[in-house]
There are 4 protein chains.
Amino acid sequence: MPTILGQNQYGKAENRVVRITRDGDTHHIKDLNVSVALSGDMDDVHYSGSNANVLPTDTTKNTVFAFAKEHGIESAEQFGIHLARHFVTSQEPIKVARIRIEEYAWERIATSDGNSRFIGADEVQHSFVRKGQETRVSQITYDGEKWEVISGLKDLTVMNSTNSEFWGYVKDKYTTLKEAYDRILATDVSARWRYNWTDDGQRMPNWEKSYEQTRTHMLQAFAETYSLSLQQTLYQMGSRIINHRSEIDEIRFSLPNNHHFLVDLEPFGLKNDNEVYFAADRPYGLIEATVLRDGVEPKIPVDMTNL
Amino acid sequence: MPTILGQNQYGKAENRVVRITRDGDTHHIKDLNVSVALSGDMDDVHYSGSNANVLPTDTTKNTVFAFAKEHGIESAEQFGIHLARHFVTSQEPIKVARIRIEEYAWERIATSDGNSRFIGADEVQHSFVRKGQETRVSQITYDGEKWEVISGLKDLTVMNSTNSEFWGYVKDKYTTLKEAYDRILATDVSARWRYNWTDDGQRMPNWEKSYEQTRTHMLQAFAETYSLSLQQTLYQMGSRIINHRSEIDEIRFSLPNNHHFLVDLEPFGLKNDNEVYFAADRPYGLIEATVLRDGVEPKIPVDMTNL
Amino acid sequence: MPTILGQNQYGKAENRVVRITRDGDTHHIKDLNVSVALSGDMDDVHYSGSNANVLPTDTTKNTVFAFAKEHGIESAEQFGIHLARHFVTSQEPIKVARIRIEEYAWERIATSDGNSRFIGADEVQHSFVRKGQETRVSQITYDGEKWEVISGLKDLTVMNSTNSEFWGYVKDKYTTLKEAYDRILATDVSARWRYNWTDDGQRMPNWEKSYEQTRTHMLQAFAETYSLSLQQTLYQMGSRIINHRSEIDEIRFSLPNNHHFLVDLEPFGLKNDNEVYFAADRPYGLIEATVLRDGVEPKIPVDMTNL
Amino acid sequence: MPTILGQNQYGKAENRVVRITRDGDTHHIKDLNVSVALSGDMDDVHYSGSNANVLPTDTTKNTVFAFAKEHGIESAEQFGIHLARHFVTSQEPIKVARIRIEEYAWERIATSDGNSRFIGADEVQHSFVRKGQETRVSQITYDGEKWEVISGLKDLTVMNSTNSEFWGYVKDKYTTLKEAYDRILATDVSARWRYNWTDDGQRMPNWEKSYEQTRTHMLQAFAETYSLSLQQTLYQMGSRIINHRSEIDEIRFSLPNNHHFLVDLEPFGLKNDNEVYFAADRPYGLIEATVLRDGVEPKIPVDMTNL
C-alpha cells in the first residue's frame with residue numbers, strides 16, 4: 001500500500017451546554033462550548049469503513065450533556081477532566097482524549113430598587129447579562145496516564161493611550177516608517193498557559209481562582225509596562241504570570257498590534273496633538289512568543305492562528 | 001426615458017475614529033465607527049457621471065476626523081449633530097445628511113496595588129480594557145430644519161433562568177410544541193429609541209445620561225417581568241422606558257428568542273430538573289415590535305434586520 | 001395607558017431546509033434559509049401575555065419543513081407564496097405574512113472519466129459542490145389580497161480593473177483626494193428588485209429564469225459601462241434591468257466602493273504603472289439608489305444596510 | 001532570571017495585495033492576503049525593548065507590495081518563495097521566514113453579445129466576478145537551507161445526497177443514535193498538503209497546475225466514494241492525491257460533518273422519503289487525519305482548527 005494513515009482524531013465539536021444550578025432562589029450559570037477529539041485504534045474505519053471501534057460522535061455529544069447533570073460543572077477544566085477520563089477508561093480502542101472548552105461569562109442584573117450589583121433582591125437572582133469581553137478557553141488532554149491542561153483566553157481587547165514608543169529599529173531599502181516616541185499600543189490578547197499539574201496524585205489547582213489571578217496579572221502587566229516594543233510588553237506579561245503563579249510553567253501569547261494611526265490634520269490647518277487616531281483593521285503586526293519557567297520544556301503548540 | 005432615479009444617498013461608511021482627551025495624566029477615550037450618508041441634487045451623477053455636485057466620500061471621511069479635533073466628541077449624538085449640520089449647511093446640493101455611529105465602550109484597568117477600579121494610581125490612567133457587551137448605536141438625520149435622533153444598542157445578551165412560561169397558544173395541524181411552565185428566556189437585545197428633540201430651539205437631552213438610564217430600565221424590566229411570552233416582556237421593556245424617560249417617544253425592539261432546550265436525559269437514566277440545556281443557534285424565534293407614547297406617530301423603520 | 005403598541009411581527013427565523021428531489025439516479029437540490037414574520041391581531045400577547053391568538057414560532061418552523069414535502073420547492077419565490085398564503089388564510093388573527101428566503105446554489109461535481117460538467121456518469125449525479133458567489137434572496141408578502149414579491153442577491157463581488165475615472169467633483173476645505181483617470185472599480189453587489197406581479201389573477205413570472213436573466217444583465221452592465229462614478233454604473237445596471245425585464249418595475253442597489261489604492265512605490269525606486277494595489281477594508285464609500293420604471297411608485301425600503 | 005523566552009516570531013499579517021497584469025487589453029488578476037512571520041535573534045527586543053535587530057513589521061508590509069511589482073505574482077507559492085528568501089538572506093538576525101498566503105479566485109464576465117465565458121469581446125477583458133467557493137492557501141517556510149511548502153484550501157463545501165451509510169459502531173450507555181443506511185454526507189473541506197520540493201537544486205513543481213489537479217482529485221474522490229464513514233471518505237480523498245501527485249508526500253484534512261437531519265414529518269401525516277432535511281449548524285462531527293506516502297515522516301501540524 002503506497003499510502004498510509006497518520007495522526008487522526010474525531011469527535012463532536014461545539015456542544016453548547018448551559019448548566020443552571022439552583023441554590024434556593026439564587027441561580028448559578030455555566031455556559032460552555034465543548035469540543036471532543038478522540039484518537040486510538042482507528043485504522044479500520046479509515047481503510048475499510050468498519051465502524052467497529054468507533055464510538056459515534058453523537059454519543060460523545062450525549063456524554064457531554066449527561067455529564068453536566070451527573071458531575072455538574074464546577075469549572076471548565078474540572079468538567080473536561082471528567083470527560084477525558086471517561087472516554088479513555090471506558091472505551092478500549094480510545095487511547096487519548098482531548099477536550100476543548102470555551103466559556104462565556106455572565107453577571108447578574110441589579111434590581112431597580114437595589115444598588116449592589118451582586119446582592120440584588122430575590123426576584124432577579126435568576127437574571128443575567130452576558131459579560132462580553134474575553135472568551136475563556138481550556139484544553140484538557142489525557143492518555144490514560146498523564147494529564148495536560150492548557151487554559152487561556154482570547155479576544156481581550158486592551159489599549160494604552162500613551163507610554164509606548166518604537167524606534168531604533170533596522171532600516172533597509174523598504175523601510176519608510178517614522179520613529180514614534182508616544183504612540184497608542186492596543187491589542188486583542190490571545191493567551192494559552194500550561195499547568196504543571198499532570199498526575200492524579202498531585203494536588204489539583206483551583207482552576208477558577210487561577211484563571212482570575214492570571215487574567216489580573218496579565219492586565220496589570222500590560223498597563224504598568226512602559227513599552228519600547230510590543231515584544232517587550234508581551235514578555236513582561238508572561239514573566240509576571242510565571243513569577244506569581246507557581247501552578248503555571250509556560251504561557252504563549254498571540255498579540256496583534258492593532259494599529260491606531262495618528263491622522264494628518266495639517267491639510268485642514270489643524271494640529272493633531274495625539275488626539276485623533278484612525279483605527280486600522282488590516283494589515284496588523286502580529287507578535288507571538290512563549291514565556292517559560294527556566295528549565296521547563298515548552299509544549300504549547302506554536303500555531304495559535306492561521307495567519 | 002423609460003427609467004428614472006428614485007431615492008439615493010452616498011457617503012463614506014465605517015470611519016473608525018478614536019479620540020483621546022488628556023486631562024493631565026488621566027486620559028479619556030471615545031471609540032466610534034461613523035458612517036455618513038448624504039442626499040440631495042444628485043441626478044446628474046447618476047444619469048451622466050458628472051460629479052459637479054458630488055462632495056467626494058473621501059472628503060466626508062476627512063471631515064469626520066477633522067471634526068473629532070475641532071469639536072471633540074462629547075457624545076456620539078452630539079458629534080453626529082455637528083457633522084450633519086455641517087454637510088447640509090455648507091454644501092448647497094446636499095439637502096439631507098444622515099450620520100450613523102456605533103460606539104464601543106472601554107473601562108480602566110486597575111493597578112496592582114490599588115483596589116478601586118476607577119481611581120487607580122497615576123500610571124494606569126491611560127490603560128483601558130474594552131468593555132464588551134452591547135454596541136451603542138445612534139442615527140442623526142438633519143434636513144436643514146428638523147432633527148431626528150434615533151439611538152439604541154445591539155448585542156446585549158440577557159437571560160432569565162426561570163419566571164418564564166409559554167402555553168395557551170393556537171394549535172393547528174402542524175403544531176407539536178409542548179407547553180412550558182418554567183423555561184429559560186434569553187435574547188440578544190437590539191433596540192432603537194427616538195428622541196422628541198427635533199429643533200435647535202429645544203433644550204437638548206443629556207445624551208450620555210439618557211443612554212445609561214434607558215439601558216438600566218431595559219435590563220431591569222427584562223429581569224423583573226414574570227413572562228408569559230417574549231412579546232409581553234418586550235412590551236414591558238418598552239413601556240417602562242417610555243414612562244420613565246420623557247425625552248423618548250418611541251422605541252422598537254428586535255428580539256431573537258435564543259432557544260435553550262431542556263436536554264432529554266431519560267435515555268441515560270437521569271432526570272433533568274431544569275438543569276441542563278442545549279443552547280441552539282438556528283432557527284430562532286424573532287419578535288419585533290414598536291412601543292409608543294400614546295398619541296405619537298411612529299417613525300422608526302420596521303426593518304431592523306434582514307431576516 | 002400612556003404607552004401603546006405599534007407595528008409588530010413575529011415568527012421563526014432562519015429555518016435551514018434542504019430539499020432533495022430524485023429523478024432516477026439524478027438528484028436535484030434546493031438549499032434555503034427561510035424566515036417567517038407574521039402580524040395581525042396580536043395586542044393581547046403584548047399587553048397581557050395571553051397567547052390565545054399566537055400560532056407558536058415552532059409551528060411556523062414545522063410548516064416550512066412540511067411544505068417542502070407537500071409542495072416541493074420549485075423556486076424560492078413559489079415556496080414563499082405557498083407559505084404566506086397558508087398563514088394568512090388558515091389563521092384568522094394573522095393578517096399579513098412576510099416570508100424571507102436566502103438560497104445557496106450548488107453545481108455538480110464532474111466524474112473522473114468525463115469532461116462535461118453537467119452530464120457526468122450516473123455515480124456522481126448525487127454529488128455537489130456549493131457554488132459560492134452571491135446569495136440569492138427573496139421576500140414574499142401577502143395580506144390576503146395583494147402580493148408583493150421582492151427578489152435580489154447579495155455578496156456578488158465584481159471588479160473592473162480599468163475604464164473607471166473619478167474627477168470634476170466638489171472641493172471644500174476638507175478635500176485632499178486627487179483626481180483619478182484610471183482606477184479600479186470594485187463592489188459587492190447587493191440588489192433588490194420588485195416584481196409587478198401582485199394578483200393571483202395575473203400570469204406569474206418564471207422566477208428561476210427571471211433571476212438568471214436579471215443577474216446576467218447586472219453583470220454585463222457593470223462590465224460594459226465606462227464609469228465616471230459608481231453612481232453612474234449603478235444607474236446603468238438598474239436601467240438595463242428595467243428596460244429588459246418587463247416583470248420588474250423597481251430595483252434598489254447598495255454598492256460599497258471597495259477601494260483599491262495604488263501603492264506608492266517611489267520610495268523604493270519603483271514605478272507603479274497601475275499594477276500593484278492595496279485592497280482596503282474600511283472605510284468604504286457606500287452608494288445606494290433606487291431605479292424605477294417611469295410612472296411607478298417606489299416601494300422597496302430605503303434601508304438595506306445598518307451602516 | 002526565573003523566566004526565559006521560548007519560540008517567538010513576528011511580522012505584518014494580512015497584507016491585501018491585488019496585482020493587475022496587462023496583456024494588451026486583456027488584464028490578469030492575482031488577489032492575495034499575505035502574512036509574514038520572522039524569527040531569529042530576537043531575545044533583546046523581548047527582554048529589554050531594544051529594537052536593534054528588528055526589521056519593522058511595516059517594512060515587511062512594504063516589501064510585500066514592492067515585490068509584487070519587482071517579481072510579479074506568478075503563483076502564491078512562487079511569490080512566497082521570493083519573500084522568504086529575501087528576509088532570510090538580507091537580514092542577518094533573521095534565521096527563519098514563514099509566509100502564509102490566502103488567494104481569492106476571479107473569473108471573467110461575459111459580454112452581452114458573446115456566448116463564451118473566456119473569450120469575450122475586448123471591452124470586458126478587464127471585468128471580473130469573484131469566484132466564491134474555496135479559498136486557496138499556502139505556507140512557505142525557509143531557514144536559509146531548506147524549503148517547506150504546504151499548500152491547501154479551505155471552505156470548499158461539498159455534498160453527496162446519497163451513497164453514504166453509518167452503522168456497526170460501538171454502543172455504550174450514552175448511545176442513542178439510530179443506524180443510517182442512506183444519509184446525506186456534507187462537509188466544508190479544509191486540506192493542507194506538503195510538497196517534497198525542499199531544495200533550490202530540485203526541479204520546482206508547477207504550483208498552479210498542481211493546485212488544480214489536486215483539487216480535482218479531491219472532489220472526484222469525494223463524489224465517487226461509496227461511504228461507510230466520513231473517515232473512509234477522507235482517506236480515499238487523501239490516498240488518491242498521494243497516488244496521483246508525485247510532488248505531494250503528505251496531506252491533512254479537517255472535515256466537519258455538516259449534519260443534515262431527516263425531518264420527522266409523521267406528526268403531520270407525511271412520509272419523508274429522504275426528501276426534506278434540516279441543515280444543522282452546531283454541534284457537528286469533526287474528522288481530522290493525515291494521509292502519507294509510505295515511508296515519509298509527517299510534518300504538517302495536527303492542529304488545523306481551534307475547536
# chains A, B, ... in the order shown; residues from 1 in each chain; ligands from 1
$ interface_residues --of "chain B" --to "chain D" --cutoff "12 Å" --atoms "only C-alpha atoms" --output "number ranges by chain"
B: 172-177, 264-270, 278-283
$ write_last_selection --atoms "N, CA and C atoms" --output "PDB file, in the first residue's frame"
ATOM      1  N   ASP B 172     -52.526  24.187  15.519  1.00  0.00           N
ATOM      2  CA  ASP B 172     -53.084  23.739  14.248  1.00  0.00           C
ATOM      3  C   ASP B 172     -52.469  22.381  13.896  1.00  0.00           C
ATOM      4  N   LYS B 173     -52.675  21.907  12.675  1.00  0.00           N
ATOM      5  CA  LYS B 173     -52.207  20.557  12.343  1.00  0.00           C
ATOM      6  C   LYS B 173     -50.691  20.436  12.301  1.00  0.00           C
ATOM      7  N   TYR B 174     -49.981  21.539  12.281  1.00  0.00           N
ATOM      8  CA  TYR B 174     -48.516  21.488  12.267  1.00  0.00           C
ATOM      9  C   TYR B 174     -47.915  21.776  13.646  1.00  0.00           C
ATOM     10  N   THR B 175     -48.748  21.854  14.657  1.00  0.00           N
ATOM     11  CA  THR B 175     -48.239  22.177  15.993  1.00  0.00           C
ATOM     12  C   THR B 175     -47.846  20.910  16.754  1.00  0.00           C
ATOM     13  N   THR B 176     -46.609  20.871  17.201  1.00  0.00           N
ATOM     14  CA  THR B 176     -46.143  19.749  18.028  1.00  0.00           C
ATOM     15  C   THR B 176     -45.554  20.241  19.353  1.00  0.00           C
ATOM     16  N   LEU B 177     -45.369  21.529  19.494  1.00  0.00           N
ATOM     17  CA  LEU B 177     -44.709  22.090  20.681  1.00  0.00           C
ATOM     18  C   LEU B 177     -45.467  21.756  21.956  1.00  0.00           C
ATOM     19  N   ASP B 264     -33.151  15.935  26.936  1.00  0.00           N
ATOM     20  CA  ASP B 264     -33.798  14.715  27.415  1.00  0.00           C
ATOM     21  C   ASP B 264     -32.724  13.733  27.896  1.00  0.00           C
ATOM     22  N   LEU B 265     -32.622  13.572  29.204  1.00  0.00           N
ATOM     23  CA  LEU B 265     -31.590  12.680  29.769  1.00  0.00           C
ATOM     24  C   LEU B 265     -32.165  11.337  30.196  1.00  0.00           C
ATOM     25  N   GLU B 266     -33.448  11.135  29.958  1.00  0.00           N
ATOM     26  CA  GLU B 266     -34.071   9.878  30.392  1.00  0.00           C
ATOM     27  C   GLU B 266     -33.431   8.641  29.772  1.00  0.00           C
ATOM     28  N   PRO B 267     -33.008   8.703  28.493  1.00  0.00           N
ATOM     29  CA  PRO B 267     -32.351   7.505  27.936  1.00  0.00           C
ATOM     30  C   PRO B 267     -31.119   7.082  28.738  1.00  0.00           C
ATOM     31  N   PHE B 268     -30.585   7.976  29.530  1.00  0.00           N
ATOM     32  CA  PHE B 268     -29.389   7.643  30.310  1.00  0.00           C
ATOM     33  C   PHE B 268     -29.748   7.425  31.781  1.00  0.00           C
ATOM     34  N   GLY B 269     -31.053   7.293  32.053  1.00  0.00           N
ATOM     35  CA  GLY B 269     -31.491   7.037  33.417  1.00  0.00           C
ATOM     36  C   GLY B 269     -31.350   8.242  34.327  1.00  0.00           C
ATOM     37  N   LEU B 270     -31.350   9.453  33.742  1.00  0.00           N
ATOM     38  CA  LEU B 270     -31.160  10.666  34.524  1.00  0.00           C
ATOM     39  C   LEU B 270     -32.388  11.559  34.418  1.00  0.00           C
ATOM     40  N   PHE B 278     -29.493  22.711  26.070  1.00  0.00           N
ATOM     41  CA  PHE B 278     -28.754  22.856  24.822  1.00  0.00           C
ATOM     42  C   PHE B 278     -29.077  24.238  24.253  1.00  0.00           C
ATOM     43  N   ALA B 279     -28.054  25.069  24.068  1.00  0.00           N
ATOM     44  CA  ALA B 279     -28.246  26.414  23.513  1.00  0.00           C
ATOM     45  C   ALA B 279     -28.199  26.312  21.989  1.00  0.00           C
ATOM     46  N   ALA B 280     -29.344  26.512  21.335  1.00  0.00           N
ATOM     47  CA  ALA B 280     -29.446  26.336  19.884  1.00  0.00           C
ATOM     48  C   ALA B 280     -29.100  27.624  19.147  1.00  0.00           C
ATOM     49  N   ASP B 281     -28.585  27.483  17.938  1.00  0.00           N
ATOM     50  CA  ASP B 281     -28.244  28.641  17.107  1.00  0.00           C
ATOM     51  C   ASP B 281     -29.412  29.043  16.203  1.00  0.00           C
ATOM     52  N   ARG B 282     -29.770  28.134  15.311  1.00  0.00           N
ATOM     53  CA  ARG B 282     -30.818  28.384  14.340  1.00  0.00           C
ATOM     54  C   ARG B 282     -31.717  27.171  14.256  1.00  0.00           C
ATOM     55  N   PRO B 283     -32.990  27.323  13.920  1.00  0.00           N
ATOM     56  CA  PRO B 283     -33.706  28.601  13.820  1.00  0.00           C
ATOM     57  C   PRO B 283     -33.964  29.178  15.203  1.00  0.00           C
TER      58      PRO B 283
END
$ residues_around --residues "Leu55 of chain C" --least-positions-apart "4" --cutoff "9 Å" --atoms "only C-alpha atoms" --output "PyMOL selection string"
(chain B and resi 169-172+175) or (chain C and resi 11+51+59-60+91+94)
$ select_by_dssp --residues "segment 41-233 of chain D" --states "alpha helix (DSSP H)" --output "VMD selection string"
chain D and resid 43 to 47 57 to 70 76 to 90 207 to 224 230 to 233
$ write_last_selection --atoms "C-alpha atoms" --output "PDB file, in the first residue's frame"
ATOM      1  CA  ASP D  43      15.972  37.970  22.580  1.00  0.00           C
ATOM      2  CA  ASP D  44      16.849  41.613  23.187  1.00  0.00           C
ATOM      3  CA  VAL D  45      13.601  43.101  21.970  1.00  0.00           C
ATOM      4  CA  HIS D  46      11.709  40.852  24.378  1.00  0.00           C
ATOM      5  CA  TYR D  47      13.999  41.305  27.372  1.00  0.00           C
ATOM      6  CA  THR D  57       6.541  44.913  10.540  1.00  0.00           C
ATOM      7  CA  ASP D  58       5.766  47.997   8.478  1.00  0.00           C
ATOM      8  CA  THR D  59       8.847  47.226   6.376  1.00  0.00           C
ATOM      9  CA  THR D  60       7.705  43.647   5.829  1.00  0.00           C
ATOM     10  CA  LYS D  61       4.441  45.101   4.548  1.00  0.00           C
ATOM     11  CA  ASN D  62       6.271  47.441   2.170  1.00  0.00           C
ATOM     12  CA  THR D  63       8.330  44.517   0.925  1.00  0.00           C
ATOM     13  CA  VAL D  64       5.214  42.551   0.026  1.00  0.00           C
ATOM     14  CA  PHE D  65       3.909  45.394  -2.140  1.00  0.00           C
ATOM     15  CA  ALA D  66       7.304  46.193  -3.681  1.00  0.00           C
ATOM     16  CA  PHE D  67       7.904  42.538  -4.567  1.00  0.00           C
ATOM     17  CA  ALA D  68       4.508  42.371  -6.284  1.00  0.00           C
ATOM     18  CA  LYS D  69       5.984  44.938  -8.663  1.00  0.00           C
ATOM     19  CA  GLU D  70       9.563  43.652  -8.838  1.00  0.00           C
ATOM     20  CA  ALA D  76       1.151  32.303  -4.437  1.00  0.00           C
ATOM     21  CA  GLU D  77       3.876  29.758  -3.756  1.00  0.00           C
ATOM     22  CA  GLN D  78       6.436  31.401  -6.046  1.00  0.00           C
ATOM     23  CA  PHE D  79       5.656  34.790  -4.537  1.00  0.00           C
ATOM     24  CA  GLY D  80       6.110  33.416  -1.035  1.00  0.00           C
ATOM     25  CA  ILE D  81       9.435  31.885  -2.034  1.00  0.00           C
ATOM     26  CA  HIS D  82      10.710  35.258  -3.231  1.00  0.00           C
ATOM     27  CA  LEU D  83       9.669  36.888   0.032  1.00  0.00           C
ATOM     28  CA  ALA D  84      11.007  34.220   2.384  1.00  0.00           C
ATOM     29  CA  ARG D  85      14.365  34.099   0.632  1.00  0.00           C
ATOM     30  CA  HIS D  86      14.661  37.863   0.815  1.00  0.00           C
ATOM     31  CA  PHE D  87      14.076  38.162   4.542  1.00  0.00           C
ATOM     32  CA  VAL D  88      16.438  35.333   5.496  1.00  0.00           C
ATOM     33  CA  THR D  89      19.257  36.313   3.159  1.00  0.00           C
ATOM     34  CA  SER D  90      19.122  40.089   3.567  1.00  0.00           C
ATOM     35  CA  TRP D 207       2.274  25.269  -8.482  1.00  0.00           C
ATOM     36  CA  GLU D 208      -0.781  26.382 -10.463  1.00  0.00           C
ATOM     37  CA  LYS D 209      -1.264  23.081 -12.235  1.00  0.00           C
ATOM     38  CA  SER D 210      -0.593  21.104  -9.087  1.00  0.00           C
ATOM     39  CA  TYR D 211      -3.302  23.028  -7.253  1.00  0.00           C
ATOM     40  CA  GLU D 212      -5.883  22.494  -9.981  1.00  0.00           C
ATOM     41  CA  GLN D 213      -5.146  18.776 -10.276  1.00  0.00           C
ATOM     42  CA  THR D 214      -5.125  18.194  -6.530  1.00  0.00           C
ATOM     43  CA  ARG D 215      -8.449  19.983  -6.143  1.00  0.00           C
ATOM     44  CA  THR D 216      -9.954  17.915  -8.949  1.00  0.00           C
ATOM     45  CA  HIS D 217      -8.785  14.612  -7.473  1.00  0.00           C
ATOM     46  CA  MET D 218     -10.145  15.659  -4.112  1.00  0.00           C
ATOM     47  CA  LEU D 219     -13.603  16.447  -5.493  1.00  0.00           C
ATOM     48  CA  GLN D 220     -13.747  13.298  -7.583  1.00  0.00           C
ATOM     49  CA  ALA D 221     -12.693  11.048  -4.724  1.00  0.00           C
ATOM     50  CA  PHE D 222     -15.364  12.639  -2.552  1.00  0.00           C
ATOM     51  CA  ALA D 223     -18.002  12.122  -5.243  1.00  0.00           C
ATOM     52  CA  GLU D 224     -17.010   8.606  -6.243  1.00  0.00           C
ATOM     53  CA  LEU D 230     -16.568  10.154   6.785  1.00  0.00           C
ATOM     54  CA  GLN D 231     -13.173   8.770   7.872  1.00  0.00           C
ATOM     55  CA  GLN D 232     -13.243   6.353   4.939  1.00  0.00           C
ATOM     56  CA  THR D 233     -14.084   9.157   2.520  1.00  0.00           C
TER      57      THR D 233
END
$ atom_distance --atom1 "atom CA of Ile140 of chain D" --atom2 "atom CA of Val34 of chain D"
11.0 Å
